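Here the structure comes first, spelled out in structure tokens, and everything after it is commentary.
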Amino acid sequence: MKIPCPHCGERDVSEFRYGGDASRQRPAHGTGDLKAWHDYHFTFTNPKGPHTEHWQHVLGCRQWFRLSRNTATNVIAGVVE
Amino acid sequence: MAKGYSVFSLLRHALKPDSPWPMAWEKPTPRSSYDVVIIGGGGHGLATAYYLAKNHGITNVAVLERNYIGSGNVGRNTTLIRSNYVIDGNTQFFEHSMKLWEGLSHELNYNCMVSQRGQIVLAVSPVQLDVFARRGNIMRLNGIDAELLDRGEVQKLLPYLDYSKDARFPIWGAIHQARAGTVRHDAVAWGYARAASQLGVHIIENCEVTGMVIDNGRITGVDTTQGRINAGKVGIAVAGHTSEVARMAGLRLPVESHILQAFVTEAVKPIVHHVVSWGAELFYLSQSDKGGLVFGGHIDGFNTYTQRGQLFKIQDVMQCAVSLMPFMSRMRLLRHWGGIQDMTPDGSPFICRTPVRDLYLNGGWCYQGFKATPASGWTFAHTIANDNEHDLNRCYSLDRFEKGRELDDYGIGNWTYKQ
Ligand SMILES: Cc1cc2nc3c(=O)[nH]c(=O)nc-3n(C[C@H](O)[C@H](O)[C@H](O)COP(=O)(O)OP(=O)(O)OC[C@H]3O[C@@H](n4cnc5c(N)ncnc54)[C@H](O)[C@@H]3O)c2cc1C
Ligand SMILES: [Zn+2]
């Protein structure tokens, strides 16, 4: 799999670190609702299909960015703003 | 249909080569309704159906498999079984599984080729050997066999490892569980399928569950590619597809699907007589009866449902192989493949009731689902039959993260697989 780094261009996946699901919304500080924090922290949508996710180009420019990838095919739609 | 396999049936078929062996399990058309429907015909689903019939007398059961029997992880794993866990709950559960493995071929009248060749986990530092000593003590306190080996003893058993002065990870010793070993994974699927079928269970292949019928918080049936099937109770046992199937019931789970790869070399004469695991990196290897070295390492590291692995992980695992067993650099890799695992935050599974009445969950098996197969089916059948967990699987509940009862056997916190 090749990943299009917005700064360096397309590079092998082995240069990147995976940062997980980028669609999750962190609850606001001080909400104190344990259930919301549990769900945010421990549960995943884990879709078989389009997925927005964080990657870091650790062996390159070290930039973090968001990517849209289809988990059923590993086809990458591109970088997401 | 010849019910039992025995030396006599073998002779009869040998003398009459024109009479083919009967199908191992029946291929019925689905009924419109069952007492229990199990989604997923992998090792866990089939074992569950078998124990529902055998232990609980519930025989009006269907196992619905999207593909063919053996097409999932049950036929893709590296076949290792062991019971060397340290956390209460895991320790007893996996030892129960080991005991069931020990009698399984007789229980199923099917040769599962259970081979208790022993597992040797190598320590690469004195500290790691101390940790292994603690693990061994916990196992022995629970009546499980464990033995500590020093470097000289390891060298006698595994003379082919790198003992040179400049080995990157020097070998300090090992922990040995003699009752651990390997089991022929396909035979486990086929054996449970055949034994369940003989007790009246319907095994329906090429039948994908596409939806769930939920009425007032209670499940009453499933929609499938072969039509609607009503059910008194429904059990989910779909391994890598746990999130996708649970979503049909509106559940969002602490599960992420990841690919794990496995590898096999060309066949060579017997050299590795044990299961060998390594303390420096996740790496495990055994030699199959055909002579190939079968081995694996970590998951690739990002969630995916494609069964195609990445090259960098192949390279990682080959580096492990060669630094531990230098002779492997001269061998050829024959095949490699992948399977989709359902990873959980603490690395432990779920065998439990769910917030939906009459819907039960078996999943989150991570790296350890094959060795768990018999106990998983045994306890899941109990949970479904009694609408309650057995003492052996009470720890595998869905709410354990809320309650602070994680079962993190590596002792390094949540998401070991992301570290
Ligand atoms: C490469 C690899 C190596 C492994 N090595 C080991 C090991 O050495 N030791 C160990 O203990 N464990 C190991 N594991 C883990 C172990 O194989 C799994 O945890 C275990 O097999 C999962 O349970 P199962 O057998 O029921 O899964 P599966 O065989 O995957 O069964 C699940 C079934 O559900 C079906 N299904 C999915 N969705 C639907 C649907 N909607 N409707 C109907 N059916 C559906 C699938 O087709 C599949 O057949 C390994 C896994 C992999 C991938
Ligand atoms: Zn870059």
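Residues are referred to by chain and number: the chain letter is A, B, ... according to the order shown in the structure tokens, the number counts from 1 in that chain, and ligands are numbered separately from 1 in the order shown.
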message = Tell me as number ranges by chain which residues belonging to chain B come within 12 Å of chain A, counting only C-alpha atoms.
response = B: 240-247, 250-259, 300-316, 340, 342-346, 398-404, 406, 414-415, 417-419
ask   = Got a sec: who's within 9 Å of region 279-281 of chain B, counting only C-alpha atoms, leaving out chain neighbours fewer than 2 positions off, as a list in words?
value = Val121, Leu122, Ala123, Val124, Ser125, Gln128, Phe169, Ala174, Ser277, Phe283, Gly297, His298 and Cys320 of chain B
inquiry  = Just want the 9 Å neighbourhood of Ala381 (chain B), counted on only C-alpha atoms, with same-chain residues fewer than 3 positions away dropped. Output as JSON, numbers by chain.
reply    = {"B": [47, 48, 49, 50, 51, 52, 53, 55, 56, 376, 377, 378, 384, 385, 386]}
Output for the residues just chosen: C-alpha atoms as a compact mmCIF listing (two decimals), in the first residue's frame:
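That gives us out-v1.txt:
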# COMPACT_ATOMS: atom_id res chain seq x y z
CA ALA B 47 -18.29 -25.85 18.66
CA THR B 48 -21.12 -23.83 20.20
CA ALA B 49 -23.72 -25.73 18.17
CA TYR B 50 -22.14 -29.05 19.12
CA TYR B 51 -22.16 -28.29 22.88
CA LEU B 52 -25.70 -26.86 22.71
CA ALA B 53 -26.82 -30.25 21.42
CA ASN B 55 -24.44 -30.66 26.86
CA HIS B 56 -27.81 -28.93 26.86
CA SER B 376 -15.39 -20.96 23.80
CA GLY B 377 -18.07 -23.23 22.33
CA TRP B 378 -18.57 -24.94 25.68
CA ILE B 384 -27.10 -19.22 25.46
CA ALA B 385 -28.87 -22.19 27.07
CA ASN B 386 -29.09 -20.58 30.52
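Every protein or nucleic acid residue with an atom no more than 6 Å from region 328-339 of chain B, counting only C-alpha atoms and leaving out same-chain residues fewer than 5 positions away, appears here: Asn73, Ile259, Leu260, Gln261, Ala262, Phe263, Val264, Thr265, Glu266, Gln307 and Val322 of chain B.
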task = List every residue of chain A that DSSP, applied to the backbone of this structure, assigns to helix (DSSP H, G or I), and report them as a ChimeraX atom specification.
result = /A:13-15,34-42
query = Quick one: residues within 10 Å of Asn393 (chain B), only C-alpha atoms counted, chain neighbours fewer than 5 positions away excluded, as a list in words?
reply = Gly89, Asn90, Gln92, Phe93, Pro349, Phe350, Ile351, Cys352, Ala375, Ser376, Trp378, Thr379, Phe380, His382, Thr383 and Asn388 of chain B
task = Could I get the residue neighbourhood of ligand 1 at 7 Å, counting only C-alpha atoms and all ligand atoms, as number ranges by chain?
result = B: 39-45, 64-81, 207-210, 237-241, 245, 259-262, 296, 337-341, 365-373
Please, could you write that set of residues out with C-alpha atoms as a short mmCIF file (atom, residue, chain, number, x, y, z; two decimals), in the first residue's frame?
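The resulting file, again_39.cif, is shown below:
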data_model
loop_
_atom_site.label_atom_id
_atom_site.label_comp_id
_atom_site.auth_asym_id
_atom_site.auth_seq_id
_atom_site.Cartn_x
_atom_site.Cartn_y
_atom_site.Cartn_z
CA ILE B 39 -24.19 -16.74 12.94
CA GLY B 40 -20.77 -17.86 11.67
CA GLY B 41 -19.59 -21.38 10.89
CA GLY B 42 -16.00 -21.05 12.10
CA GLY B 43 -14.54 -23.10 14.92
CA HIS B 44 -16.42 -21.17 17.60
CA GLY B 45 -19.84 -21.27 15.94
CA LEU B 64 -25.41 -20.01 9.25
CA GLU B 65 -22.13 -19.63 7.37
CA ARG B 66 -21.70 -16.95 4.73
CA ASN B 67 -19.02 -18.93 2.91
CA TYR B 68 -18.01 -22.59 3.20
CA ILE B 69 -16.99 -24.35 6.42
CA GLY B 70 -13.32 -23.74 7.16
CA SER B 71 -13.02 -20.63 4.98
CA GLY B 72 -12.46 -18.25 7.89
CA ASN B 73 -9.77 -17.96 10.53
CA VAL B 74 -10.34 -21.49 11.74
CA GLY B 75 -8.55 -22.61 8.57
CA ARG B 76 -6.01 -19.77 8.49
CA ASN B 77 -4.38 -19.80 11.90
CA THR B 78 -0.97 -21.14 12.89
CA THR B 79 -2.66 -23.93 14.95
CA LEU B 80 -0.96 -23.24 18.29
CA ILE B 81 -2.61 -24.20 21.55
CA CYS B 207 -25.97 -18.26 3.83
CA GLU B 208 -24.99 -14.75 4.83
CA VAL B 209 -26.83 -12.94 7.60
CA THR B 210 -27.76 -9.49 6.28
CA ALA B 237 -19.59 -15.93 16.30
CA VAL B 238 -18.21 -14.21 13.22
CA ALA B 239 -14.62 -13.37 14.28
CA GLY B 240 -13.29 -10.54 12.02
CA HIS B 241 -16.81 -9.41 11.13
CA VAL B 245 -22.81 -8.12 12.37
CA ILE B 259 -5.16 -8.46 9.43
CA LEU B 260 -2.75 -11.06 10.78
CA GLN B 261 -0.49 -12.84 8.31
CA ALA B 262 0.96 -16.34 8.49
CA GLY B 296 3.74 -15.68 12.26
CA TRP B 337 -1.83 -15.56 3.69
CA GLY B 338 -3.90 -13.41 6.01
CA GLY B 339 -6.99 -13.54 8.16
CA ILE B 340 -9.07 -10.79 9.77
CA GLN B 341 -8.94 -10.73 13.54
CA TRP B 365 -10.54 -13.18 19.90
CA CYS B 366 -7.44 -11.32 18.79
CA TYR B 367 -4.49 -13.70 18.42
CA GLN B 368 -5.84 -16.40 20.67
CA GLY B 369 -9.08 -17.69 19.25
CA PHE B 370 -7.96 -21.03 17.94
CA LYS B 371 -6.65 -22.42 21.23
CA ALA B 372 -9.87 -21.19 22.81
CA THR B 373 -12.21 -22.99 20.40
#
